[in-house]
Each structure stands twice: as structure tokens, then as C-alpha cells.
Amino acid sequence: MPNYNIVTLPGDGIGPECLDAAMLVLEAVQKCCDGLTLSFTRHEAGSEHYRKYGVAIPEHVLADCLKADAVLLAAIGLPDVRKPDGTEVQPEMMMGLRRAMGLYAAVRPVKLFPGVRTPLNTADEGIDMVILRENLEGLFASFGGGCILNDSVASDILMITREGTERVVDFAFRLAEKRSGRPSDGKRKVTCVDKANVFRSFAFFRKVFFEVAERYPNIESDAAYVDAMSLYMVTTPSQWDVLVMENQFGDILSDLGAAIVDGLGMAPSAEIGNDHALFQPSHGTAPQLAGKNVANPIATILSSAMMLDWLADRHDDATARAAGNRIEQAVAKFLADGQLRTVDQGGTASTTEIAEAISKVFIAQNLSAATMLSKV
Ligand SMILES: NC(=O)c1ccc[n+]([C@@H]2O[C@H](COP(=O)([O-])OP(=O)(O)OC[C@H]3O[C@@H](n4cnc5c(N)ncnc54)[C@H](O)[C@@H]3O)[C@@H](O)[C@H]2O)c1
């Protein structure tokens, strides 16, 4: 029976509340799913830790992250905790984890669940795309470098490599193979999002993209400029399946993606490498909501479902796969049936109430599914 060791990092701001909410659901998973054992090690790290001890991620925490089967992070960063150069502590910790764990693919689903609002009037056919952000290179390769000359010129270098591009594009096509295509007609499609009309680095990214695409003749491939894509995501959101792009473009378009499916509280993510993976909501620490039990926990709950799905792939574990799918189904049923919503989604429910309600749906679902029934 597999026993997965999960490191949890509650972080700062609303992070601990969102993580506690996801843990409520994962406890229900543990009760219901015979053959799935999750052991959790919770560590303090982040901006508050930096404020107290001068270090954001202690070495023993990083070592545990590298040893773990997966890492579940809520959110880190506080705008008032800064390093002497004026930058926040948060990027140092996030980039440190990504580099140490080799997390080259950031998978950011943009999915409109039935019963959830969208600000668009163009989404009748549904929204279900994935933004795949290259997570180690691009403009972020410059993190920790960059230079300022004579207080008059500043620069950061954007770096695209063949190796980095091939692996993330290949990941994109493998992801498209697993999915059921774009909502409008079920066509599987991977789109390269770039700025190849202006920059040689992006023309190279696009060239490598189409080389890799040749290995996947059954999946449609095309390319669009990033400025146009920010328009298409709003005007034709059901036409897109998997969008693969450079780091900074992915950082920006994933927030646009969250906006069209009712906000960051609905935006989970998975950051995946060859040997490690980290799961976290796409949102930050929303300091103005912290400690009030009002944050939307759904992005963190869906991130934990993505974690189980990744463990299932990695260990060929049908139980973990079923558990991950059923968390997403429970969230979908809760959103379709329920009246409860947190403030960001126009309701008054607390973080805990949402998590308890989703756990109840999960348990009820499993009571009627004999294959998953055991310890309830
Ligand atoms: N990966 C991360 O941990 C991560 C990502 C982004 C920002 N940050 C950090 O978070 C801090 C705040 O940054 P920000 O304000 O730009 O971004 P943010 O994501 O914290 O907040 C942006 C907006 O979304 C709302 N929001 C976010 N998550 C929500 C949730 N779960 N429920 C309800 N509303 C939610 C906030 O109230 C705010 O209006 C900064 O210190 C930043 O560095 C961390």
C-alpha cells in the first residue's frame, strides 16, 4: 500500500487558513479511500519566518521538500517584508524552490465550473483550457542577476534554451493527450504563445515548438502572439485547449485566466519537474483577508486534487487517481448545487464552511461508490 510523504507549507497571510481547509478535505479522502495513505510534515517558511529569523526557507525545510513525494504550499509573501535591496522575500523563496526542485512546468488550469460566475458574455460553450508556463527560464532566468548602471539604466536578460523549450513543449503535448480537447468541439490542440514577430528569442521558441509538434501528429498545433492571445482568451475562450508559453507571459496570462473563471480563489496550479512536484493555488497571501476566515479555499483544494493526480501518474496508482478525480467532482457538485460562496464570489460563507461542505459532498459521493468504500 503506497504511503506518500507530503510536505505542507502554510506560508503567510491567508495561506494557513487555505491549507487548513484543504487538509479538511484530505482527511475525508484518507477516511474514504482504502489503500491511500498520506503522511504530512508541516513546516514554517516564508516572509513571516524571514522577519523573525532572517531566512525564508530554512535548509532543513528545503531538504525535506526534496525528500518528499510532493509539496503542498498555500501562499507566501508579505508586501511589508522586504530585503535590503527593496524586493520582496517571496520571489527568492519561490524561485529557490523551483530551481532546487527543477520545476520546469507550471500547469495552470483555467476552468469555468457550472454554477460559477464569469465576467464574459462569450463563454456559452464553456471554458476549459490550461496555461502551461515555462517555469525556470525566460525573463525569470535573470532573477538574482540583472543590473543597474549609474542609477540610469537597468536590465534583465530573457533566456530561452533549446533544452528548456523542448521539455516544456513536450510536456504540453503529453498534457493535451490526457485531456479531452477544447470545449467548442473537443479538438485537442496546443498553441504556442509568444512574441515571435519582434524578438529572435521568441522566434526560436516558436521554431522549437513546431519541431516538437511534429512528434504529435494527432494533436493540432498553432501559434499566436501574446498580445492577441490576451484578446482571444476574452473573446473566444472556448476555442483553447493547452497554451504553452515563456515564464513571464505565463505569469501574466494566468491571472487573466483566473479573472475569467471568477477569480484567483478558483485558480489551482501544479509545478512539475522530472523528479519533484509542488502544488499551490495561483493566488498570493491576500494580507487584507488574513486571519478572518473569509478566503476562498477552492484553489488550494483543487491543487491538492492535482497533487493526487500527479502521484497517480508517477506511481501508476489507480486509488490516488480516483481520489484526485473525486475531489474535483466534489468541488464541481458543491459549486453546481450549493448556495455557499465566499465573499470574493459574492457570498458570505467562511473558509471553513466551504471546506466542510466540500468534504461532506466528497464523503457522500464515496458512500455511493463501492470501489472507494472502506473506512467510512
Ligand atoms: N506563489 C505565491 O505564494 C504568491 C503569488 C502571488 C503573490 N504572492 C504574494 O502575496 C502578497 C499579496 O500579493 P497580491 O495582493 O498582489 O496578490 P494576491 O493574490 O494575494 O491578491 C490579489 C487579489 O485577489 C484576492 N484574493 C487572492 N486570493 C484570494 C482567495 N483565496 N480568496 C479571496 N480573495 C483572494 C485578494 O484579496 C486581492 O484582491 C505579496 O506579498 C505577493 O508577493 C505570493
# chains A, B, ... in the order shown; residues from 1 in each chain; ligands from 1
$ closest_atom_pairs --of "chain A" --to "ligand 1" --cutoff "8 Å" --atoms "only C-alpha atoms and all ligand atoms" --output "tab-separated table"
residue	atom	partner	partner_atom_place_in_ligand_line	distance
A:Gly11	CA	ligand 1	3 (O)	7.7
A:Gly13	CA	ligand 1	11 (C)	7.8
A:Ile14	CA	ligand 1	31 (N)	7.1
A:Cys18	CA	ligand 1	31 (N)	7.1
A:Leu73	CA	ligand 1	3 (O)	7.7
A:Ala74	CA	ligand 1	3 (O)	6.7
A:Ala75	CA	ligand 1	3 (O)	3.5
A:Ile76	CA	ligand 1	3 (O)	3.9
A:Gly77	CA	ligand 1	41 (O)	3.7
A:Leu78	CA	ligand 1	41 (O)	3.6
A:Pro79	CA	ligand 1	41 (O)	4.1
A:Asp80	CA	ligand 1	41 (O)	7.6
A:Val81	CA	ligand 1	41 (O)	7.9
A:Glu88	CA	ligand 1	43 (O)	6.4
A:Val89	CA	ligand 1	43 (O)	7.6
A:Gln90	CA	ligand 1	43 (O)	5.3
A:Pro91	CA	ligand 1	43 (O)	7.0
A:Met94	CA	ligand 1	1 (N)	6.7
A:Gly263	CA	ligand 1	24 (O)	7.1
A:Leu264	CA	ligand 1	28 (N)	5.2
A:Gly265	CA	ligand 1	31 (N)	4.1
A:Met266	CA	ligand 1	31 (N)	7.7
A:Gln280	CA	ligand 1	1 (N)	7.1
A:Pro281	CA	ligand 1	1 (N)	7.3
A:Ser282	CA	ligand 1	5 (C)	6.1
A:His283	CA	ligand 1	19 (O)	3.7
A:Gly284	CA	ligand 1	20 (O)	3.3
A:Thr285	CA	ligand 1	10 (O)	4.1
A:Ala286	CA	ligand 1	20 (O)	3.4
A:Pro287	CA	ligand 1	12 (C)	6.2
A:Gln288	CA	ligand 1	37 (O)	6.5
A:Leu289	CA	ligand 1	37 (O)	6.2
A:Val294	CA	ligand 1	32 (N)	7.1
A:Ala295	CA	ligand 1	32 (N)	3.8
A:Asn296	CA	ligand 1	32 (N)	3.7
A:Pro297	CA	ligand 1	31 (N)	5.5
A:Ile298	CA	ligand 1	31 (N)	7.4
A:Ala299	CA	ligand 1	31 (N)	6.8
A:Thr300	CA	ligand 1	31 (N)	7.9
A:Thr342	CA	ligand 1	33 (C)	7.3
A:Val343	CA	ligand 1	33 (C)	6.9
A:Asp344	CA	ligand 1	33 (C)	5.0
A:Gln345	CA	ligand 1	33 (C)	7.9
$ select_by_dssp --residues "region 101-338 of chain A" --states "strand (DSSP E or B)" --output "PyMOL selection string"
chain A and resi 105-111+128-134+138+147-149+153-155+159+189-194+220-225+242-245+270-272+277-279
$ closest_residue --among "A:Phe204, A:Phe334, A:Phe279, A:Phe362" --to "Arg108 (chain A)" --atoms "only C-alpha atoms"
A:Phe279
$ residues_around --residues "Thr118 (chain A)" --least-positions-apart "5" --cutoff "8 Å" --atoms "only C-alpha atoms" --output "list in words"
Leu112, Ala123, Ala259, Ile260, Val261 and Asp262 of chain A
$ atom_distance --atom1 "CA of Asp316 (chain A)" --atom2 "CA of Ser304 (chain A)"
17.6 Å
$ residues_around --residues "region 125-140 of chain A" --least-positions-apart "5" --cutoff "6 Å" --atoms "only C-alpha atoms" --output "PyMOL selection string"
chain A and resi 104-112+158-160+183-184+237-238+240-247+250
$ closest_residue --among "A:Asp85, A:Asp317, A:Asp251, A:Asp69" --to "Ile148 (chain A)" --atoms "only C-alpha atoms"
A:Asp85
$ closest_residue --among "A:Glu163, A:Asp222, A:Asp275, A:Glu353" --to "Leu311 (chain A)" --atoms "only C-alpha atoms"
A:Asp275
$ residues_around --residues "Leu62 (chain A)" --least-positions-apart "5" --cutoff "12 Å" --atoms "only C-alpha atoms" --output "list of chain:residue names"
A:Val7, A:Thr8, A:Leu9, A:His43, A:Glu44, A:Ala45, A:Gly46, A:Val55, A:Ala56, A:Ile57, A:Lys67, A:Ala68, A:Val71, A:Met93, A:Met94, A:Gly96, A:Leu97, A:Arg98, A:Arg99, A:Ala100, A:Met101
$ write_last_selection --atoms "N, CA and C atoms" --output "PDB file, in the first residue's frame"
ATOM      1  N   VAL A   7       5.054  17.200   2.210  1.00  0.00           N
ATOM      2  CA  VAL A   7       5.447  18.375   2.997  1.00  0.00           C
ATOM      3  C   VAL A   7       4.406  19.464   2.750  1.00  0.00           C
ATOM      4  N   THR A   8       3.872  20.024   3.827  1.00  0.00           N
ATOM      5  CA  THR A   8       2.940  21.147   3.675  1.00  0.00           C
ATOM      6  C   THR A   8       3.600  22.425   4.192  1.00  0.00           C
ATOM      7  N   LEU A   9       3.409  23.506   3.408  1.00  0.00           N
ATOM      8  CA  LEU A   9       3.978  24.810   3.766  1.00  0.00           C
ATOM      9  C   LEU A   9       2.814  25.800   3.837  1.00  0.00           C
ATOM     10  N   HIS A  43       5.763  22.546   7.752  1.00  0.00           N
ATOM     11  CA  HIS A  43       6.923  23.387   8.069  1.00  0.00           C
ATOM     12  C   HIS A  43       6.577  24.861   7.938  1.00  0.00           C
ATOM     13  N   GLU A  44       7.148  25.648   8.813  1.00  0.00           N
ATOM     14  CA  GLU A  44       7.039  27.102   8.692  1.00  0.00           C
ATOM     15  C   GLU A  44       8.111  27.610   7.727  1.00  0.00           C
ATOM     16  N   ALA A  45       7.717  28.448   6.817  1.00  0.00           N
ATOM     17  CA  ALA A  45       8.662  29.087   5.883  1.00  0.00           C
ATOM     18  C   ALA A  45       7.929  30.278   5.279  1.00  0.00           C
ATOM     19  N   GLY A  46       8.678  31.228   4.755  1.00  0.00           N
ATOM     20  CA  GLY A  46       8.023  32.361   4.108  1.00  0.00           C
ATOM     21  C   GLY A  46       8.474  33.687   4.688  1.00  0.00           C
ATOM     22  N   VAL A  55      15.635  34.251   7.500  1.00  0.00           N
ATOM     23  CA  VAL A  55      15.719  33.286   6.400  1.00  0.00           C
ATOM     24  C   VAL A  55      14.298  32.850   6.028  1.00  0.00           C
ATOM     25  N   ALA A  56      14.025  32.804   4.708  1.00  0.00           N
ATOM     26  CA  ALA A  56      12.654  32.492   4.262  1.00  0.00           C
ATOM     27  C   ALA A  56      12.403  30.989   4.243  1.00  0.00           C
ATOM     28  N   ILE A  57      13.381  30.247   3.752  1.00  0.00           N
ATOM     29  CA  ILE A  57      13.197  28.791   3.715  1.00  0.00           C
ATOM     30  C   ILE A  57      14.437  28.126   4.328  1.00  0.00           C
ATOM     31  N   LYS A  67      13.079  15.591  -0.301  1.00  0.00           N
ATOM     32  CA  LYS A  67      12.884  14.166   0.035  1.00  0.00           C
ATOM     33  C   LYS A  67      11.430  13.730  -0.145  1.00  0.00           C
ATOM     34  N   ALA A  68      10.506  14.691  -0.090  1.00  0.00           N
ATOM     35  CA  ALA A  68       9.071  14.362  -0.049  1.00  0.00           C
ATOM     36  C   ALA A  68       8.581  13.795  -1.382  1.00  0.00           C
ATOM     37  N   VAL A  71       4.996  18.369  -2.517  1.00  0.00           N
ATOM     38  CA  VAL A  71       4.911  19.520  -1.604  1.00  0.00           C
ATOM     39  C   VAL A  71       3.594  20.242  -1.888  1.00  0.00           C
ATOM     40  N   MET A  93      12.140  32.896  -2.328  1.00  0.00           N
ATOM     41  CA  MET A  93      11.742  31.564  -1.854  1.00  0.00           C
ATOM     42  C   MET A  93      11.143  30.745  -2.990  1.00  0.00           C
ATOM     43  N   MET A  94      10.250  31.370  -3.789  1.00  0.00           N
ATOM     44  CA  MET A  94       9.601  30.615  -4.869  1.00  0.00           C
ATOM     45  C   MET A  94      10.623  30.179  -5.908  1.00  0.00           C
ATOM     46  N   GLY A  96      13.786  29.888  -5.462  1.00  0.00           N
ATOM     47  CA  GLY A  96      14.690  28.928  -4.808  1.00  0.00           C
ATOM     48  C   GLY A  96      14.110  27.524  -4.864  1.00  0.00           C
ATOM     49  N   LEU A  97      12.818  27.397  -4.527  1.00  0.00           N
ATOM     50  CA  LEU A  97      12.174  26.073  -4.561  1.00  0.00           C
ATOM     51  C   LEU A  97      12.124  25.541  -5.993  1.00  0.00           C
ATOM     52  N   ARG A  98      11.736  26.408  -6.933  1.00  0.00           N
ATOM     53  CA  ARG A  98      11.617  25.949  -8.332  1.00  0.00           C
ATOM     54  C   ARG A  98      12.958  25.472  -8.869  1.00  0.00           C
ATOM     55  N   ARG A  99      14.002  26.227  -8.574  1.00  0.00           N
ATOM     56  CA  ARG A  99      15.321  25.841  -9.098  1.00  0.00           C
ATOM     57  C   ARG A  99      15.824  24.579  -8.410  1.00  0.00           C
ATOM     58  N   ALA A 100      15.694  24.522  -7.076  1.00  0.00           N
ATOM     59  CA  ALA A 100      16.208  23.353  -6.357  1.00  0.00           C
ATOM     60  C   ALA A 100      15.448  22.085  -6.743  1.00  0.00           C
ATOM     61  N   MET A 101      14.142  22.219  -6.997  1.00  0.00           N
ATOM     62  CA  MET A 101      13.325  21.038  -7.301  1.00  0.00           C
ATOM     63  C   MET A 101      13.201  20.793  -8.818  1.00  0.00           C
TER      64      MET A 101
END
$ residues_around --residues "Ile301 (chain A)" --least-positions-apart "4" --cutoff "10 Å" --atoms "only C-alpha atoms" --output "PyMOL selection string"
chain A and resi 18-26+74+266+268+280-281+296-297+305-307+327-328+331+355+358
$ residues_around --residues "Ala318 (chain A)" --least-positions-apart "2" --cutoff "12 Å" --atoms "only C-alpha atoms" --output "PDB file with C-alpha atoms, in the first residue's frame"
ATOM      1  CA  MET A   1       0.000   0.000   0.000  1.00  0.00           C
ATOM      2  CA  PRO A   2       1.659   3.304  -1.019  1.00  0.00           C
ATOM      3  CA  CYS A  33     -10.044   5.792   0.195  1.00  0.00           C
ATOM      4  CA  ASP A  34      -8.789   2.437   1.306  1.00  0.00           C
ATOM      5  CA  GLY A  35      -5.264   1.912   0.029  1.00  0.00           C
ATOM      6  CA  LEU A  36      -4.240   5.572   0.100  1.00  0.00           C
ATOM      7  CA  LEU A 308      -3.081  13.222  -6.105  1.00  0.00           C
ATOM      8  CA  ASP A 309      -3.385  13.035  -9.897  1.00  0.00           C
ATOM      9  CA  TRP A 310       0.368  13.599 -10.300  1.00  0.00           C
ATOM     10  CA  LEU A 311       1.150  10.958  -7.639  1.00  0.00           C
ATOM     11  CA  ALA A 312      -1.170   8.616  -9.549  1.00  0.00           C
ATOM     12  CA  ASP A 313       0.759   9.173 -12.793  1.00  0.00           C
ATOM     13  CA  ARG A 314       4.110   8.786 -11.132  1.00  0.00           C
ATOM     14  CA  HIS A 315       3.281   5.641  -9.155  1.00  0.00           C
ATOM     15  CA  ASP A 316       0.706   4.155 -11.500  1.00  0.00           C
ATOM     16  CA  ALA A 320      -4.744   8.150  -5.949  1.00  0.00           C
ATOM     17  CA  ARG A 321      -6.162   8.865  -9.428  1.00  0.00           C
ATOM     18  CA  ALA A 322      -9.719   8.133  -8.274  1.00  0.00           C
ATOM     19  CA  ALA A 323      -9.233  10.248  -5.135  1.00  0.00           C
ATOM     20  CA  GLY A 324      -7.973  13.242  -7.157  1.00  0.00           C
ATOM     21  CA  ASN A 325     -10.841  12.941  -9.645  1.00  0.00           C
ATOM     22  CA  THR A 371     -14.965   0.760  -5.065  1.00  0.00           C
ATOM     23  CA  MET A 372     -13.874   3.570  -2.827  1.00  0.00           C
TER      24      MET A 372
END
$ closest_residue --among "A:Ala270, A:Ala70, A:Val234, A:Ala332" --to "Ser303 (chain A)" --atoms "only C-alpha atoms"
A:Ala270
$ closest_residue --among "A:Ala176, A:Ala330, A:Leu231, A:Ala224" --to "Ala364 (chain A)" --atoms "only C-alpha atoms"
A:Ala330
$ select_by_dssp --residues "region 157-217 of chain A" --states "alpha helix (DSSP H)" --output "PyMOL selection string"
chain A and resi 162-178+200-213
$ write_last_selection --atoms "N, CA, C and O atoms" --output "compact mmCIF listing (two decimals), in the first residue's frame"
# COMPACT_ATOMS: atom_id res chain seq x y z
N ARG A 162 17.13 25.68 -25.98
CA ARG A 162 16.50 24.57 -26.71
C ARG A 162 16.02 23.49 -25.72
O ARG A 162 14.88 23.05 -25.80
N GLU A 163 16.89 23.13 -24.78
CA GLU A 163 16.53 22.07 -23.84
C GLU A 163 15.29 22.44 -23.02
O GLU A 163 14.35 21.66 -22.88
N GLY A 164 15.30 23.68 -22.50
CA GLY A 164 14.17 24.12 -21.68
C GLY A 164 12.88 24.22 -22.47
O GLY A 164 11.79 23.91 -21.97
N THR A 165 13.00 24.63 -23.73
CA THR A 165 11.80 24.78 -24.57
C THR A 165 11.28 23.41 -24.98
O THR A 165 10.07 23.15 -24.90
N GLU A 166 12.19 22.53 -25.39
CA GLU A 166 11.75 21.19 -25.82
C GLU A 166 11.00 20.47 -24.71
O GLU A 166 9.95 19.88 -24.92
N ARG A 167 11.53 20.57 -23.47
CA ARG A 167 10.89 19.77 -22.41
C ARG A 167 9.52 20.33 -22.03
O ARG A 167 8.59 19.56 -21.76
N VAL A 168 9.37 21.66 -22.05
CA VAL A 168 8.06 22.20 -21.67
C VAL A 168 7.05 22.01 -22.81
O VAL A 168 5.86 21.75 -22.57
N VAL A 169 7.51 22.10 -24.06
CA VAL A 169 6.59 21.89 -25.19
C VAL A 169 6.17 20.42 -25.24
O VAL A 169 4.99 20.10 -25.46
N ASP A 170 7.13 19.54 -25.02
CA ASP A 170 6.78 18.11 -24.99
C ASP A 170 5.76 17.83 -23.88
O ASP A 170 4.79 17.10 -24.08
N PHE A 171 5.96 18.47 -22.73
CA PHE A 171 5.01 18.35 -21.61
C PHE A 171 3.62 18.81 -22.07
O PHE A 171 2.60 18.18 -21.76
N ALA A 172 3.59 19.90 -22.84
CA ALA A 172 2.31 20.46 -23.30
C ALA A 172 1.55 19.44 -24.16
O ALA A 172 0.34 19.25 -24.01
N PHE A 173 2.27 18.79 -25.07
CA PHE A 173 1.59 17.82 -25.95
C PHE A 173 1.15 16.59 -25.17
O PHE A 173 0.06 16.04 -25.41
N ARG A 174 1.98 16.16 -24.21
CA ARG A 174 1.55 15.00 -23.40
C ARG A 174 0.33 15.36 -22.55
O ARG A 174 -0.56 14.54 -22.35
N LEU A 175 0.29 16.60 -22.09
CA LEU A 175 -0.88 17.06 -21.32
C LEU A 175 -2.12 17.07 -22.22
O LEU A 175 -3.20 16.63 -21.81
N ALA A 176 -1.96 17.56 -23.45
CA ALA A 176 -3.10 17.61 -24.38
C ALA A 176 -3.61 16.19 -24.67
O ALA A 176 -4.83 15.99 -24.81
N GLU A 177 -2.70 15.22 -24.73
CA GLU A 177 -3.13 13.83 -24.97
C GLU A 177 -4.04 13.32 -23.86
O GLU A 177 -4.97 12.56 -24.09
N LYS A 178 -3.77 13.76 -22.63
CA LYS A 178 -4.56 13.30 -21.48
C LYS A 178 -5.91 13.99 -21.37
O LYS A 178 -6.82 13.52 -20.71
N ARG A 200 14.02 37.65 -31.53
CA ARG A 200 14.65 36.41 -32.01
C ARG A 200 14.46 35.28 -31.02
O ARG A 200 14.29 34.13 -31.41
N SER A 201 14.53 35.61 -29.73
CA SER A 201 14.39 34.55 -28.71
C SER A 201 13.03 33.87 -28.85
O SER A 201 12.92 32.64 -28.72
N PHE A 202 11.98 34.64 -29.15
CA PHE A 202 10.65 34.04 -29.27
C PHE A 202 10.47 33.35 -30.62
O PHE A 202 9.73 32.36 -30.72
N ALA A 203 11.15 33.86 -31.66
CA ALA A 203 11.12 33.15 -32.95
C ALA A 203 11.76 31.77 -32.76
O ALA A 203 11.29 30.77 -33.32
N PHE A 204 12.81 31.70 -31.95
CA PHE A 204 13.46 30.43 -31.65
C PHE A 204 12.53 29.52 -30.85
O PHE A 204 12.39 28.32 -31.13
N PHE A 205 11.85 30.09 -29.85
CA PHE A 205 10.89 29.32 -29.04
C PHE A 205 9.85 28.69 -29.96
O PHE A 205 9.53 27.51 -29.86
N ARG A 206 9.34 29.50 -30.92
CA ARG A 206 8.30 29.01 -31.83
C ARG A 206 8.86 27.91 -32.76
O ARG A 206 8.19 26.93 -33.04
N LYS A 207 10.09 28.10 -33.24
CA LYS A 207 10.72 27.11 -34.14
C LYS A 207 10.83 25.75 -33.41
O LYS A 207 10.45 24.70 -33.94
N VAL A 208 11.32 25.81 -32.17
CA VAL A 208 11.47 24.56 -31.40
C VAL A 208 10.09 23.95 -31.14
O VAL A 208 9.90 22.73 -31.22
N PHE A 209 9.11 24.81 -30.86
CA PHE A 209 7.73 24.34 -30.64
C PHE A 209 7.26 23.49 -31.82
O PHE A 209 6.77 22.37 -31.65
N PHE A 210 7.43 24.01 -33.06
CA PHE A 210 6.92 23.26 -34.22
C PHE A 210 7.76 22.01 -34.50
O PHE A 210 7.23 21.03 -35.03
N GLU A 211 9.01 22.02 -34.11
CA GLU A 211 9.81 20.78 -34.25
C GLU A 211 9.23 19.69 -33.34
O GLU A 211 9.06 18.54 -33.74
N VAL A 212 8.94 20.07 -32.11
CA VAL A 212 8.39 19.08 -31.16
C VAL A 212 6.99 18.65 -31.62
O VAL A 212 6.62 17.47 -31.54
N ALA A 213 6.21 19.61 -32.14
CA ALA A 213 4.83 19.31 -32.57
C ALA A 213 4.79 18.19 -33.61
O ALA A 213 3.82 17.42 -33.66
$ atom_distance --atom1 "CA of Ser350 (chain A)" --atom2 "CA of Glu271 (chain A)"
27.9 Å
